[in-house]
>>> print(open('query36.cif').read())   # mmCIF, C-alpha atoms (C1' of nucleotides)
data_entry
loop_
_atom_site.label_atom_id
_atom_site.label_comp_id
_atom_site.auth_asym_id
_atom_site.auth_seq_id
_atom_site.Cartn_x
_atom_site.Cartn_y
_atom_site.Cartn_z
CA MET A 1 -131.27 79.31 -149.40
CA THR A 2 -130.41 80.14 -152.97
CA ALA A 3 -126.91 78.76 -152.91
CA VAL A 4 -125.26 81.17 -155.26
CA THR A 5 -121.76 79.93 -155.86
CA ARG A 6 -119.36 82.76 -156.11
CA ARG A 7 -115.92 82.14 -157.52
CA LYS A 8 -112.97 82.74 -155.24
CA ARG A 9 -111.74 86.29 -155.11
CA ALA A 10 -108.72 87.08 -157.24
CA ASP A 11 -106.62 88.47 -154.40
CA ALA A 12 -107.27 85.38 -152.34
CA VAL A 13 -105.94 83.12 -155.07
CA ARG A 14 -102.94 85.33 -155.64
CA ASN A 15 -102.11 85.44 -151.94
CA ARG A 16 -102.35 81.68 -151.57
CA GLU A 17 -99.75 81.33 -154.30
CA ARG A 18 -97.52 83.94 -152.74
CA VAL A 19 -97.69 82.21 -149.38
CA LEU A 20 -96.76 78.84 -150.86
CA GLU A 21 -93.84 80.35 -152.68
CA ALA A 22 -92.58 82.22 -149.62
CA ALA A 23 -93.00 79.15 -147.44
CA ARG A 24 -90.98 77.06 -149.87
CA GLU A 25 -88.14 79.54 -149.71
CA VAL A 26 -88.17 80.09 -145.98
CA PHE A 27 -88.45 76.43 -145.06
CA ALA A 28 -85.71 75.59 -147.51
CA GLU A 29 -83.39 78.06 -145.86
CA GLY A 30 -84.20 77.58 -142.22
CA GLY A 31 -85.81 74.17 -141.93
CA LEU A 32 -89.30 73.45 -140.70
CA ASP A 33 -88.67 75.35 -137.48
CA ALA A 34 -88.94 78.63 -139.35
CA CYS A 35 -91.74 80.70 -137.93
CA MET A 36 -94.94 81.84 -139.54
CA ASP A 37 -94.27 85.55 -139.08
CA VAL A 38 -91.24 85.32 -141.31
CA ILE A 39 -93.19 83.54 -144.02
CA ALA A 40 -95.97 86.11 -143.82
CA GLU A 41 -93.50 88.95 -144.11
CA ARG A 42 -91.69 87.35 -147.04
CA ALA A 43 -95.01 86.84 -148.78
CA GLY A 44 -95.91 90.47 -148.13
CA VAL A 45 -99.06 89.42 -146.33
CA GLY A 46 -100.57 89.39 -142.85
CA LYS A 47 -100.21 86.29 -140.73
CA ALA A 48 -103.95 85.67 -140.66
CA THR A 49 -103.95 85.44 -144.44
CA ILE A 50 -101.82 82.34 -144.28
CA TYR A 51 -104.29 80.71 -141.94
CA ARG A 52 -107.16 81.35 -144.32
CA SER A 53 -105.61 79.02 -146.89
CA PHE A 54 -103.91 76.62 -144.48
CA PRO A 55 -105.57 75.85 -141.15
CA THR A 56 -102.30 75.01 -139.41
CA LYS A 57 -98.60 75.22 -140.03
CA GLU A 58 -98.59 71.50 -140.66
CA HIS A 59 -101.11 71.88 -143.45
CA LEU A 60 -98.89 74.46 -145.08
CA ILE A 61 -95.91 72.15 -144.93
CA ALA A 62 -97.98 69.30 -146.22
CA GLY A 63 -99.16 71.48 -149.10
CA ILE A 64 -95.59 71.97 -150.24
CA ALA A 65 -94.73 68.32 -149.81
CA VAL A 66 -97.72 67.23 -151.87
CA ASP A 67 -96.56 69.33 -154.81
CA ARG A 68 -93.06 67.92 -154.67
CA LEU A 69 -94.30 64.36 -154.37
CA ALA A 70 -96.40 64.85 -157.47
CA HIS A 71 -93.28 66.00 -159.26
CA VAL A 72 -91.32 62.98 -158.11
CA GLU A 73 -94.09 60.69 -159.22
CA ARG A 74 -93.93 62.24 -162.67
CA LEU A 75 -90.18 61.64 -162.79
CA LEU A 76 -90.68 58.03 -161.81
CA THR A 77 -93.39 57.43 -164.32
CA GLU A 78 -91.24 58.80 -167.10
CA ALA A 79 -88.37 56.63 -165.91
CA LEU A 80 -90.53 53.56 -166.33
CA GLU A 81 -90.43 54.12 -170.10
CA ASP A 82 -86.68 53.68 -170.15
CA GLU A 83 -85.35 50.39 -171.51
CA ASP A 84 -82.58 50.28 -168.92
CA ALA A 85 -84.33 50.38 -165.56
CA GLY A 86 -81.07 50.33 -163.60
CA ALA A 87 -79.80 53.46 -165.29
CA ALA A 88 -83.21 55.07 -164.98
CA PHE A 89 -83.30 54.33 -161.26
CA ARG A 90 -79.93 55.94 -160.75
CA ARG A 91 -80.99 58.94 -162.80
CA VAL A 92 -84.08 59.48 -160.68
CA LEU A 93 -82.11 59.17 -157.46
CA VAL A 94 -79.61 61.74 -158.61
CA ALA A 95 -82.37 64.04 -159.82
CA MET A 96 -84.10 63.78 -156.47
CA ALA A 97 -80.91 64.51 -154.60
CA GLU A 98 -80.26 67.52 -156.82
CA ALA A 99 -83.78 68.80 -156.47
CA ASN A 100 -83.48 68.61 -152.73
CA ALA A 101 -80.46 70.86 -152.63
CA GLY A 102 -81.72 73.75 -150.56
CA ASP A 103 -85.07 72.09 -150.00
CA ARG A 104 -85.20 70.07 -146.85
CA VAL A 105 -88.94 70.11 -146.65
CA MET A 106 -90.38 67.18 -148.48
CA LEU A 107 -88.83 64.12 -146.94
CA GLU A 108 -88.87 65.69 -143.53
CA ALA A 109 -92.56 66.36 -143.95
CA LEU A 110 -93.57 62.79 -144.65
CA ARG A 111 -94.21 62.20 -140.97
CA LEU A 112 -97.26 64.39 -141.36
CA SER A 113 -98.90 61.89 -143.64
CA ALA A 114 -100.61 60.50 -140.55
CA THR A 115 -102.29 63.86 -140.04
CA VAL A 116 -103.01 65.04 -143.56
CA PRO A 117 -104.83 62.50 -145.75
CA GLU A 118 -104.03 64.38 -148.94
CA LEU A 119 -100.34 63.93 -148.21
CA ALA A 120 -100.72 60.25 -147.40
CA GLU A 121 -102.35 59.78 -150.78
CA ALA A 122 -99.58 61.55 -152.70
CA ARG A 123 -97.02 59.56 -150.81
CA GLN A 124 -98.76 56.31 -151.60
CA ALA A 125 -98.79 57.13 -155.30
CA ALA A 126 -95.12 58.07 -155.41
CA THR A 127 -94.13 54.97 -153.48
CA ALA A 128 -96.08 52.78 -155.86
CA ALA A 129 -94.32 54.29 -158.86
CA LEU A 130 -90.94 53.82 -157.20
CA GLU A 131 -91.84 50.25 -156.37
CA ARG A 132 -92.60 49.52 -160.02
CA LEU A 133 -89.36 51.02 -161.22
CA MET A 134 -87.37 49.08 -158.66
CA ARG A 135 -89.09 45.83 -159.52
CA ARG A 136 -88.16 46.34 -163.14
CA ALA A 137 -84.55 47.14 -162.29
CA LYS A 138 -84.34 44.01 -160.18
CA SER A 139 -85.73 41.83 -162.93
CA GLN A 140 -82.94 43.18 -165.13
CA GLY A 141 -80.43 42.28 -162.44
CA ARG A 142 -79.50 45.91 -161.94
CA LEU A 143 -80.63 46.30 -158.37
CA ARG A 144 -80.03 44.49 -155.11
CA ARG A 145 -82.97 42.14 -154.60
CA ASP A 146 -83.59 43.20 -151.01
CA ALA A 147 -83.69 46.90 -151.81
CA THR A 148 -86.98 48.58 -150.95
CA PRO A 149 -88.59 51.95 -151.59
CA ASP A 150 -88.16 52.56 -147.90
CA ASP A 151 -84.41 52.23 -148.27
CA VAL A 152 -84.49 55.00 -150.81
CA ARG A 153 -86.58 57.15 -148.54
CA VAL A 154 -84.42 56.59 -145.47
CA LEU A 155 -81.10 57.15 -147.20
CA LEU A 156 -82.25 60.15 -149.20
CA SER A 157 -84.09 61.71 -146.32
CA GLY A 158 -81.10 61.48 -144.07
CA LEU A 159 -78.85 62.89 -146.71
CA THR A 160 -81.21 65.78 -147.32
CA GLN A 161 -81.56 66.73 -143.70
CA THR A 162 -77.86 66.62 -143.06
CA LEU A 163 -76.62 68.47 -146.10
CA ALA A 164 -79.38 71.04 -146.03
CA ALA A 165 -78.87 71.73 -142.34
CA GLU A 166 -75.29 72.53 -143.20
CA GLN A 167 -76.36 75.00 -145.86
CA GLN A 168 -74.55 73.00 -148.45
CA HIS A 169 -75.43 74.32 -151.89
CA ASP A 170 -72.85 72.77 -154.16
CA THR A 171 -74.88 70.78 -156.68
CA ARG A 172 -72.00 68.47 -157.52
CA LEU A 173 -71.94 67.33 -153.93
CA TRP A 174 -75.60 66.42 -153.96
CA ARG A 175 -75.18 64.61 -157.25
CA ARG A 176 -72.27 62.69 -155.82
CA TYR A 177 -74.26 61.51 -152.83
CA GLY A 178 -77.16 60.57 -155.07
CA ASN A 179 -74.76 58.32 -156.89
CA LEU A 180 -73.34 56.91 -153.68
CA ILE A 181 -76.80 55.88 -152.58
CA ALA A 182 -77.44 54.32 -155.94
CA ASP A 183 -74.22 52.37 -155.46
CA ALA A 184 -75.30 51.28 -152.00
CA LEU A 185 -78.43 49.80 -153.47
CA GLY A 186 -76.41 48.02 -156.09
CA ALA A 187 -77.78 49.91 -159.06
CA VAL A 188 -75.63 49.09 -162.03
CA GLY A 189 -75.86 51.80 -164.63
CA MET B 1 -57.13 84.68 -98.19
CA THR B 2 -56.28 81.20 -96.98
CA ALA B 3 -57.35 79.42 -100.14
CA VAL B 4 -58.57 76.21 -98.59
CA THR B 5 -59.48 73.90 -101.44
CA ARG B 6 -62.48 71.90 -100.57
CA ARG B 7 -63.29 68.87 -102.69
CA LYS B 8 -66.57 68.84 -104.58
CA ARG B 9 -69.53 67.72 -102.56
CA ALA B 10 -70.58 64.13 -103.06
CA ASP B 11 -74.18 64.97 -103.91
CA ALA B 12 -73.02 67.39 -106.58
CA VAL B 13 -70.95 64.74 -108.28
CA ARG B 14 -73.76 62.21 -108.04
CA ASN B 15 -76.29 64.63 -109.46
CA ARG B 16 -74.09 65.53 -112.38
CA GLU B 17 -73.95 61.87 -113.31
CA ARG B 18 -77.69 61.46 -112.90
CA VAL B 19 -78.34 64.44 -115.12
CA LEU B 20 -76.09 63.13 -117.88
CA GLU B 21 -77.76 59.74 -117.74
CA ALA B 22 -81.26 61.21 -117.80
CA ALA B 23 -80.36 63.56 -120.63
CA ARG B 24 -79.00 60.69 -122.69
CA GLU B 25 -82.27 58.81 -122.29
CA VAL B 26 -84.58 61.74 -122.89
CA PHE B 27 -82.71 63.06 -125.91
CA ALA B 28 -82.56 59.57 -127.35
CA GLU B 29 -86.31 59.23 -127.09
CA GLY B 30 -87.47 62.67 -128.08
CA GLY B 31 -84.61 64.24 -129.99
CA LEU B 32 -82.76 67.38 -129.06
CA ASP B 33 -86.00 69.34 -128.82
CA ALA B 34 -86.79 67.65 -125.54
CA CYS B 35 -87.07 70.19 -122.78
CA MET B 36 -84.99 70.68 -119.69
CA ASP B 37 -87.86 70.21 -117.24
CA VAL B 38 -88.34 66.67 -118.42
CA ILE B 39 -84.67 65.89 -118.02
CA ALA B 40 -84.65 67.38 -114.56
CA GLU B 41 -87.67 65.34 -113.55
CA ARG B 42 -86.22 62.16 -114.98
CA ALA B 43 -83.01 62.78 -113.07
CA GLY B 44 -85.00 63.40 -109.88
CA VAL B 45 -83.46 66.82 -109.57
CA GLY B 46 -84.43 70.47 -109.77
CA LYS B 47 -83.91 72.33 -113.00
CA ALA B 48 -81.36 74.68 -111.49
CA THR B 49 -79.20 71.72 -110.57
CA ILE B 50 -78.69 70.95 -114.23
CA TYR B 51 -77.52 74.46 -114.86
CA ARG B 52 -74.97 74.19 -112.08
CA SER B 53 -73.08 71.53 -114.05
CA PHE B 54 -73.92 72.71 -117.56
CA PRO B 55 -74.24 76.42 -118.24
CA THR B 56 -76.60 75.96 -121.20
CA LYS B 57 -78.61 73.25 -122.85
CA GLU B 58 -76.05 73.17 -125.62
CA HIS B 59 -73.29 72.40 -123.16
CA LEU B 60 -75.31 69.48 -121.84
CA ILE B 61 -75.77 68.10 -125.33
CA ALA B 62 -72.12 68.64 -126.11
CA GLY B 63 -71.21 66.80 -122.92
CA ILE B 64 -73.02 63.71 -124.12
CA ALA B 65 -71.56 63.97 -127.61
CA VAL B 66 -68.03 64.23 -126.27
CA ASP B 67 -68.44 60.94 -124.40
CA ARG B 68 -69.74 59.17 -127.45
CA LEU B 69 -67.02 60.56 -129.68
CA ALA B 70 -64.41 59.27 -127.27
CA HIS B 71 -66.02 55.86 -127.54
CA VAL B 72 -66.00 55.97 -131.32
CA GLU B 73 -62.39 57.00 -131.31
CA ARG B 74 -61.56 53.98 -129.19
CA LEU B 75 -63.39 51.74 -131.65
CA LEU B 76 -61.46 53.23 -134.54
CA THR B 77 -58.12 52.92 -132.83
CA GLU B 78 -58.75 49.25 -132.12
CA ALA B 79 -59.81 48.75 -135.71
CA LEU B 80 -56.45 50.05 -136.87
CA GLU B 81 -54.85 46.93 -135.40
CA ASP B 82 -56.80 44.71 -137.75
CA GLU B 83 -54.90 43.24 -140.68
CA ASP B 84 -57.86 43.66 -143.00
CA ALA B 85 -58.67 47.35 -142.96
CA GLY B 86 -61.63 46.97 -145.30
CA ALA B 87 -63.37 44.52 -143.01
CA ALA B 88 -62.46 46.62 -139.99
CA PHE B 89 -63.94 49.72 -141.60
CA ARG B 90 -67.18 47.93 -142.29
CA ARG B 91 -67.25 46.58 -138.75
CA VAL B 92 -66.86 50.04 -137.25
CA LEU B 93 -69.55 51.48 -139.48
CA VAL B 94 -71.98 48.78 -138.46
CA ALA B 95 -71.06 49.20 -134.81
CA MET B 96 -71.64 52.93 -135.04
CA ALA B 97 -74.98 52.43 -136.72
CA GLU B 98 -76.00 49.94 -134.04
CA ALA B 99 -74.84 52.17 -131.23
CA ASN B 100 -76.91 54.98 -132.62
CA ALA B 101 -80.10 52.97 -132.50
CA GLY B 102 -82.22 54.99 -130.13
CA ASP B 103 -79.56 57.63 -129.78
CA ARG B 104 -79.98 60.48 -132.19
CA VAL B 105 -77.84 62.85 -130.23
CA MET B 106 -74.26 62.56 -131.24
CA LEU B 107 -74.11 63.27 -134.94
CA GLU B 108 -76.85 65.84 -134.65
CA ALA B 109 -74.84 67.58 -131.99
CA LEU B 110 -71.72 68.04 -134.07
CA ARG B 111 -72.94 71.43 -135.25
CA LEU B 112 -72.24 72.66 -131.73
CA SER B 113 -68.54 72.12 -132.18
CA ALA B 114 -68.34 75.73 -133.26
CA THR B 115 -69.63 76.76 -129.84
CA VAL B 116 -68.02 74.25 -127.50
CA PRO B 117 -64.25 73.90 -127.91
CA GLU B 118 -64.14 70.65 -125.95
CA LEU B 119 -66.46 69.10 -128.50
CA ALA B 120 -64.47 70.41 -131.44
CA GLU B 121 -61.41 68.73 -129.98
CA ALA B 122 -63.10 65.36 -129.53
CA ARG B 123 -64.45 65.58 -133.03
CA GLN B 124 -61.04 66.36 -134.43
CA ALA B 125 -59.53 63.34 -132.72
CA ALA B 126 -62.24 60.96 -133.92
CA THR B 127 -62.02 62.27 -137.47
CA ALA B 128 -58.26 61.79 -137.49
CA ALA B 129 -58.61 58.18 -136.38
CA LEU B 130 -61.23 57.56 -139.05
CA GLU B 131 -59.00 59.17 -141.62
CA ARG B 132 -56.15 56.80 -140.75
CA LEU B 133 -58.36 53.74 -140.97
CA MET B 134 -59.76 54.83 -144.31
CA ARG B 135 -56.34 55.55 -145.72
CA ARG B 136 -55.26 52.06 -144.77
CA ALA B 137 -58.35 50.50 -146.33
CA LYS B 138 -57.75 52.41 -149.54
CA SER B 139 -54.14 51.30 -149.73
CA GLN B 140 -55.42 47.74 -149.54
CA GLY B 141 -57.83 48.48 -152.37
CA ARG B 142 -60.81 47.91 -150.13
CA LEU B 143 -62.28 51.37 -150.23
CA ARG B 144 -63.30 53.81 -152.92
CA ARG B 145 -60.42 56.24 -153.36
CA ASP B 146 -62.61 59.34 -153.24
CA ALA B 147 -64.32 58.34 -149.98
CA THR B 148 -63.80 60.80 -147.14
CA PRO B 149 -64.51 60.85 -143.40
CA ASP B 150 -67.10 63.45 -144.21
CA ASP B 151 -68.95 60.95 -146.39
CA VAL B 152 -69.19 58.67 -143.42
CA ARG B 153 -70.46 61.46 -141.24
CA VAL B 154 -73.04 62.68 -143.72
CA LEU B 155 -74.43 59.28 -144.57
CA LEU B 156 -74.46 58.02 -140.98
CA SER B 157 -75.83 61.23 -139.60
CA GLY B 158 -78.70 61.24 -142.02
CA LEU B 159 -79.47 57.64 -141.34
CA THR B 160 -79.45 58.23 -137.61
CA GLN B 161 -81.75 61.21 -137.71
CA THR B 162 -84.24 59.53 -139.96
CA LEU B 163 -84.45 56.15 -138.30
CA ALA B 164 -84.36 57.54 -134.78
CA ALA B 165 -87.06 60.08 -135.55
CA GLU B 166 -89.22 57.18 -136.61
CA GLN B 167 -88.63 55.42 -133.32
CA GLN B 168 -87.12 52.51 -135.14
CA HIS B 169 -85.55 50.15 -132.62
CA ASP B 170 -84.94 46.99 -134.61
CA THR B 171 -81.20 46.42 -134.39
CA ARG B 172 -81.10 44.29 -137.51
CA LEU B 173 -82.38 47.27 -139.49
CA TRP B 174 -79.61 49.53 -138.22
CA ARG B 175 -77.03 46.88 -138.93
CA ARG B 176 -78.40 46.52 -142.43
CA TYR B 177 -78.11 50.20 -143.17
CA GLY B 178 -74.63 50.27 -141.71
CA ASN B 179 -73.73 47.65 -144.27
CA LEU B 180 -75.47 49.54 -147.08
CA ILE B 181 -73.37 52.59 -146.34
CA ALA B 182 -70.26 50.47 -146.29
CA ASP B 183 -71.30 49.17 -149.70
CA ALA B 184 -71.84 52.69 -150.97
CA LEU B 185 -68.30 53.56 -150.04
CA GLY B 186 -67.07 50.49 -151.78
CA ALA B 187 -65.81 48.73 -148.71
CA VAL B 188 -64.97 45.20 -149.67
CA GLY B 189 -65.12 42.98 -146.65
"C1'" DA C 1 -122.32 102.19 -159.28
"C1'" DC C 2 -123.22 99.97 -155.13
"C1'" DG C 3 -124.37 96.77 -151.51
"C1'" DA C 4 -123.45 92.19 -149.81
"C1'" DT C 5 -119.84 89.34 -148.79
"C1'" DT C 6 -115.44 87.68 -148.72
"C1'" DG C 7 -110.69 88.68 -147.57
"C1'" DT C 8 -107.09 91.29 -145.04
"C1'" DG C 9 -103.64 92.67 -141.50
"C1'" DG C 10 -101.62 93.43 -137.36
"C1'" DA C 11 -102.67 93.65 -132.59
"C1'" DC C 12 -103.59 90.26 -129.37
"C1'" DC C 13 -103.74 85.79 -126.67
"C1'" DA C 14 -102.05 81.34 -124.90
"C1'" DT C 15 -98.49 78.24 -124.38
"C1'" DG C 16 -94.11 76.19 -123.82
"C1'" DC C 17 -89.51 76.62 -122.90
"C1'" DA C 18 -84.54 78.20 -121.62
"C1'" DG C 19 -82.53 80.19 -118.06
"C1'" DT C 20 -82.43 82.87 -113.16
"C1'" DC C 21 -83.33 83.91 -108.20
"C1'" DC C 22 -83.49 83.10 -103.60
"C1'" DG C 23 -84.95 81.01 -99.28
"C1'" DT C 24 -83.92 76.41 -97.55
"C1'" DT C 25 -81.22 72.20 -96.98
"C1'" DT C 26 -77.14 69.37 -96.87
"C1'" DA C 27 -72.44 67.91 -96.77
"C1'" DC C 28 -67.90 68.93 -95.32
"C1'" DG C 29 -64.15 70.19 -92.03
"C1'" DA C 30 -62.64 71.18 -87.45
"C1'" DT D 1 -71.34 68.62 -82.66
"C1'" DC D 2 -71.61 72.74 -85.02
"C1'" DG D 3 -70.67 76.73 -88.18
"C1'" DT D 4 -70.13 77.70 -92.83
"C1'" DA D 5 -70.08 77.46 -97.56
"C1'" DA D 6 -71.71 74.84 -101.24
"C1'" DA D 7 -75.65 72.81 -103.42
"C1'" DC D 8 -80.55 72.39 -103.94
"C1'" DG D 9 -85.33 72.97 -105.93
"C1'" DG D 10 -89.14 75.05 -107.67
"C1'" DA D 11 -91.29 79.37 -108.40
"C1'" DC D 12 -90.49 82.96 -111.50
"C1'" DT D 13 -89.11 85.79 -115.72
"C1'" DG D 14 -88.65 86.86 -120.44
"C1'" DC D 15 -89.13 85.57 -124.93
"C1'" DA D 16 -90.43 83.21 -129.07
"C1'" DT D 17 -94.05 81.40 -131.62
"C1'" DG D 18 -98.53 79.19 -133.25
"C1'" DG D 19 -102.93 80.61 -133.72
"C1'" DT D 20 -107.25 84.03 -133.19
"C1'" DC D 21 -110.06 88.36 -133.44
"C1'" DC D 22 -112.19 92.11 -135.41
"C1'" DA D 23 -112.41 96.67 -137.50
"C1'" DC D 24 -111.50 97.88 -142.11
"C1'" DA D 25 -110.71 97.19 -147.24
"C1'" DA D 26 -111.11 95.00 -151.69
"C1'" DT D 27 -113.91 92.33 -154.89
"C1'" DC D 28 -117.74 90.46 -157.25
"C1'" DG D 29 -122.62 90.05 -158.92
"C1'" DT D 30 -126.30 92.86 -160.27
#
>>> encode(input="query36.cif", output="C-alpha cells")
Amino acid sequence: MTAVTRRKRADAVRNRERVLEAAREVFAEGGLDACMDVIAERAGVGKATIYRSFPTKEHLIAGIAVDRLAHVERLLTEALEDEDAGAAFRRVLVAMAEANAGDRVMLEALRLSATVPELAEARQAATAALERLMRRAKSQGRLRRDATPDDVRVLLSGLTQTLAAEQQHDTRLWRRYGNLIADALGAVG
Amino acid sequence: MTAVTRRKRADAVRNRERVLEAAREVFAEGGLDACMDVIAERAGVGKATIYRSFPTKEHLIAGIAVDRLAHVERLLTEALEDEDAGAAFRRVLVAMAEANAGDRVMLEALRLSATVPELAEARQAATAALERLMRRAKSQGRLRRDATPDDVRVLLSGLTQTLAAEQQHDTRLWRRYGNLIADALGAVG
DNA sequence: ACGATTGTGGACCATGCAGTCCGTTTACGA
DNA sequence: TCGTAAACGGACTGCATGGTCCACAATCGT
C-alpha cells in the first residue's frame, strides 16, 4: 500500500501533445466528422494511444475547445482594459473571426458542454468576460442595449461553420464578416 | 416494340409525396445526418421505395432544397414590386429566417449543387432574383454598397445551422436575428 | 543495470448506415 | 375479370468508424 507516486512517462506526455496538435489540424480541415484513424496517423501514433489520454472522441474535441476558450477569455480580459469598450468589442470580434479561419472546432464543440464539465466551466468563464465587456460598451452607448453574449455566439458560430465548411481561407473575408457582425450589434468603433 | 406509354401508378406518386414530406420533417428535426430508415418509417414505406424516386440520399435532400429555393425566389420576385427596396429586402430576410425555423435543410444543402444540376439551376435563379433586389436597394441608398448575395447566404446559413441545431423554435428569436442580419448589411427600413 | 510498471500499436469487435436484391403484392389496361 | 408490368418492403450486403484488447516495448526508480 505504499503509494509511490511516479511521474508520468515522458513519451506519454509527448504523445498527448502530438495527438492534440494533430486533432486540431484534422478537425480544422475536415470538421468534427473526421475519423480517429486519420488523427492517429497524422500524430504518428496508434489509435489506442489517443484513447489513453482522451476517453472518447468527444473528450478530445472538448480538450481542444477548452484551450481555445481560455485564449478567448484572455483576449476579452485584455480588452476590458481599453478605454473605448466599443472599439475593443469590435476588435475582439474580428480577432475571433480571424482565429477561426480554418478552425471550425470551438464553437461547434460548445454543445458538448453538457457532457464535459471542464468545458462547461471554460465556457462559463469566457461568457462572463464577454458579458462584462459588452456591459461596458453599452454604458458608453457603443452597443445595442439588447445585444447579448449569446448573439455573439450564434452569429459567430454560424459564420464559422459556413465559411469553414467551404474551405474559405482568405483572412480578409473573415475579418470582413467579423466587422459585419459587429455592425449588426451596433458596435460603434 | 409497340411503345405503349402507361401513366405512373397512383401509389407511386402518392408515396413519392409522402417520402418528401417525411424527409422534410425528419431532416428538420435531426439535421441531414438523419438516416434513411427513419424517413422510410415516418413515411410508412419501405426503404427501397425511397430509392425508387430518389437515387441517393443526396438527391432526396436536393429535392427538398429545390422546392424551398423556388419558394424563396417567389418571395424575392414579389419583393421587387415594392417601392421601398430597403424595406422589402429586410422583409424577405426576416421571412427567410422565420421559414428556416425548424428547417435546417436548405442552406446546408447548397453544397450539393455541384452534384445535382437541378439544384444548381434553382440556386442560380434565386441568387439572380436576390441580386436584383439588392441592386435596387443600393440604388435607393438603403443597402451597404459592398453587400453581396453571398453575404446573405453566409450569414443566414450560419444562423440557420446554429439555431436549428439547438432546437430553437421561438419564432421571435428567428425574426430578431433576421433583423440583425439586415442591420449588418445596412438595410435601412 | 534491471525489474516492475506504465505505455504502445495495430488487429479486432460492434454498431449504424447507405444502398441493393428479390419474392410478393398491387394497380392499370383490355 | 384477368394477365402483366410496375411498385413494394424488408432482409441483406458492404463499408466506415468509434472504441477495445493484448502481446510487446519503452521508461523510471532503485
>>> residues_around(input="query36.cif", residues="Asp84 (chain B)", least_positions_apart="4", cutoff="10 Å", atoms="all atoms listed in the file", output="list in words")
Ala79, Leu80, Ala88, Phe89, Arg136, Ala137, Gln140, Arg142, Val188 and Gly189 of chain B
>>> interface_residues(input="query36.cif", of="chain A", to="chain D", cutoff="9 Å", atoms="only C-alpha atoms (C1' of nucleotides)", output="JSON list (two decimals) with C-alpha atoms, in the frame of the given file")
[["chain", "number", "residue", "atom", "x", "y", "z"],
["A", 6, "ARG", "CA", -119.36, 82.76, -156.11],
["A", 7, "ARG", "CA", -115.92, 82.14, -157.52],
["A", 9, "ARG", "CA", -111.74, 86.29, -155.11],
["A", 10, "ALA", "CA", -108.72, 87.08, -157.24],
["A", 11, "ASP", "CA", -106.62, 88.47, -154.40],
["A", 35, "CYS", "CA", -91.74, 80.70, -137.93],
["A", 36, "MET", "CA", -94.94, 81.84, -139.54],
["A", 37, "ASP", "CA", -94.27, 85.55, -139.08],
["A", 48, "ALA", "CA", -103.95, 85.67, -140.66],
["A", 51, "TYR", "CA", -104.29, 80.71, -141.94],
["A", 56, "THR", "CA", -102.30, 75.01, -139.41],
["A", 57, "LYS", "CA", -98.60, 75.22, -140.03]]
>>> residues_around(input="query36.cif", residues="Ala101 (chain A)", least_positions_apart="2", cutoff="10 Å", atoms="only C-alpha atoms (C1' of nucleotides)", output="MDAnalysis selection string")
chainID A and resid 28 96:99 103:104 160:161 163:164 167:171 173:175
>>> resolve_selection(input="query36.cif", expression="the PyMOL selection byres ((chain C) within 8 of (chain A))", output="list in words")
DT6, DG7, DT8, DG9 and DG10 of chain C
>>> closest_residue(input="query36.cif", among="B:Ala40, B:Ala120, B:Ala109, B:Leu130", to="chain A", atoms="all atoms listed in the file")
B:Ala109
>>> residues_around(input="query36.cif", residues="Leu20 (chain A)", least_positions_apart="2", cutoff="10 Å", atoms="only C-alpha atoms (C1' of nucleotides)", output="list of chain:residue names")
A:Asn15, A:Arg16, A:Glu17, A:Arg18, A:Ala22, A:Ala23, A:Arg24, A:Glu25, A:Val26, A:Ile39, A:Ala43, A:Ile50, A:Ser53, A:Phe54, A:Leu60, A:Ile61, A:Gly63, A:Ile64
>>> write_last_selection(input="query36.cif", atoms="C-alpha atoms", output="PDB file, in the coordinates of the input")
ATOM      1  CA  ASN A  15    -102.110  85.440-151.940  1.00  0.00           C
ATOM      2  CA  ARG A  16    -102.350  81.680-151.570  1.00  0.00           C
ATOM      3  CA  GLU A  17     -99.750  81.330-154.300  1.00  0.00           C
ATOM      4  CA  ARG A  18     -97.520  83.940-152.740  1.00  0.00           C
ATOM      5  CA  ALA A  22     -92.580  82.220-149.620  1.00  0.00           C
ATOM      6  CA  ALA A  23     -93.000  79.150-147.440  1.00  0.00           C
ATOM      7  CA  ARG A  24     -90.980  77.060-149.870  1.00  0.00           C
ATOM      8  CA  GLU A  25     -88.140  79.540-149.710  1.00  0.00           C
ATOM      9  CA  VAL A  26     -88.170  80.090-145.980  1.00  0.00           C
ATOM     10  CA  ILE A  39     -93.190  83.540-144.020  1.00  0.00           C
ATOM     11  CA  ALA A  43     -95.010  86.840-148.780  1.00  0.00           C
ATOM     12  CA  ILE A  50    -101.820  82.340-144.280  1.00  0.00           C
ATOM     13  CA  SER A  53    -105.610  79.020-146.890  1.00  0.00           C
ATOM     14  CA  PHE A  54    -103.910  76.620-144.480  1.00  0.00           C
ATOM     15  CA  LEU A  60     -98.890  74.460-145.080  1.00  0.00           C
ATOM     16  CA  ILE A  61     -95.910  72.150-144.930  1.00  0.00           C
ATOM     17  CA  GLY A  63     -99.160  71.480-149.100  1.00  0.00           C
ATOM     18  CA  ILE A  64     -95.590  71.970-150.240  1.00  0.00           C
TER      19      ILE A  64
END
>>> axis_aligned_box(input="query36.cif", around="region 22-27 of chain C", padding_each_side="4 Å", output="AutoDock Vina command-line options")
--center_x -78.7 --center_y 75.5 --center_z -100.2 --size_x 20.5 --size_y 23.2 --size_z 14.8
>>> atom_distance(input="query36.cif", atom1="CA of Pro149 (chain B)", atom2="CA of Asp67 (chain B)")
19.4 Å
>>> residues_around(input="query36.cif", residues="Thr77 (chain A)", least_positions_apart="4", cutoff="8 Å", atoms="only C-alpha atoms (C1' of nucleotides)", output="JSON, numbers by chain")
{"A": [73, 81, 129]}
>>> write_last_selection(input="query36.cif", atoms="C-alpha atoms", output="PDB file, in the coordinates of the input")
ATOM      1  CA  GLU A  73     -94.090  60.690-159.220  1.00  0.00           C
ATOM      2  CA  GLU A  81     -90.430  54.120-170.100  1.00  0.00           C
ATOM      3  CA  ALA A 129     -94.320  54.290-158.860  1.00  0.00           C
TER       4      ALA A 129
END
>>> atom_distance(input="query36.cif", atom1="CA of Arg132 (chain A)", atom2="CA of Leu93 (chain A)")
14.5 Å
>>> atom_distance(input="query36.cif", atom1="CA of Val72 (chain B)", atom2="CA of Val19 (chain B)")
22.1 Å
>>> closest_residue(input="query36.cif", among="B:Leu32, B:Ala128, B:Val152, B:Leu119", to="Leu76 (chain B)", atoms="only C-alpha atoms")
B:Ala128
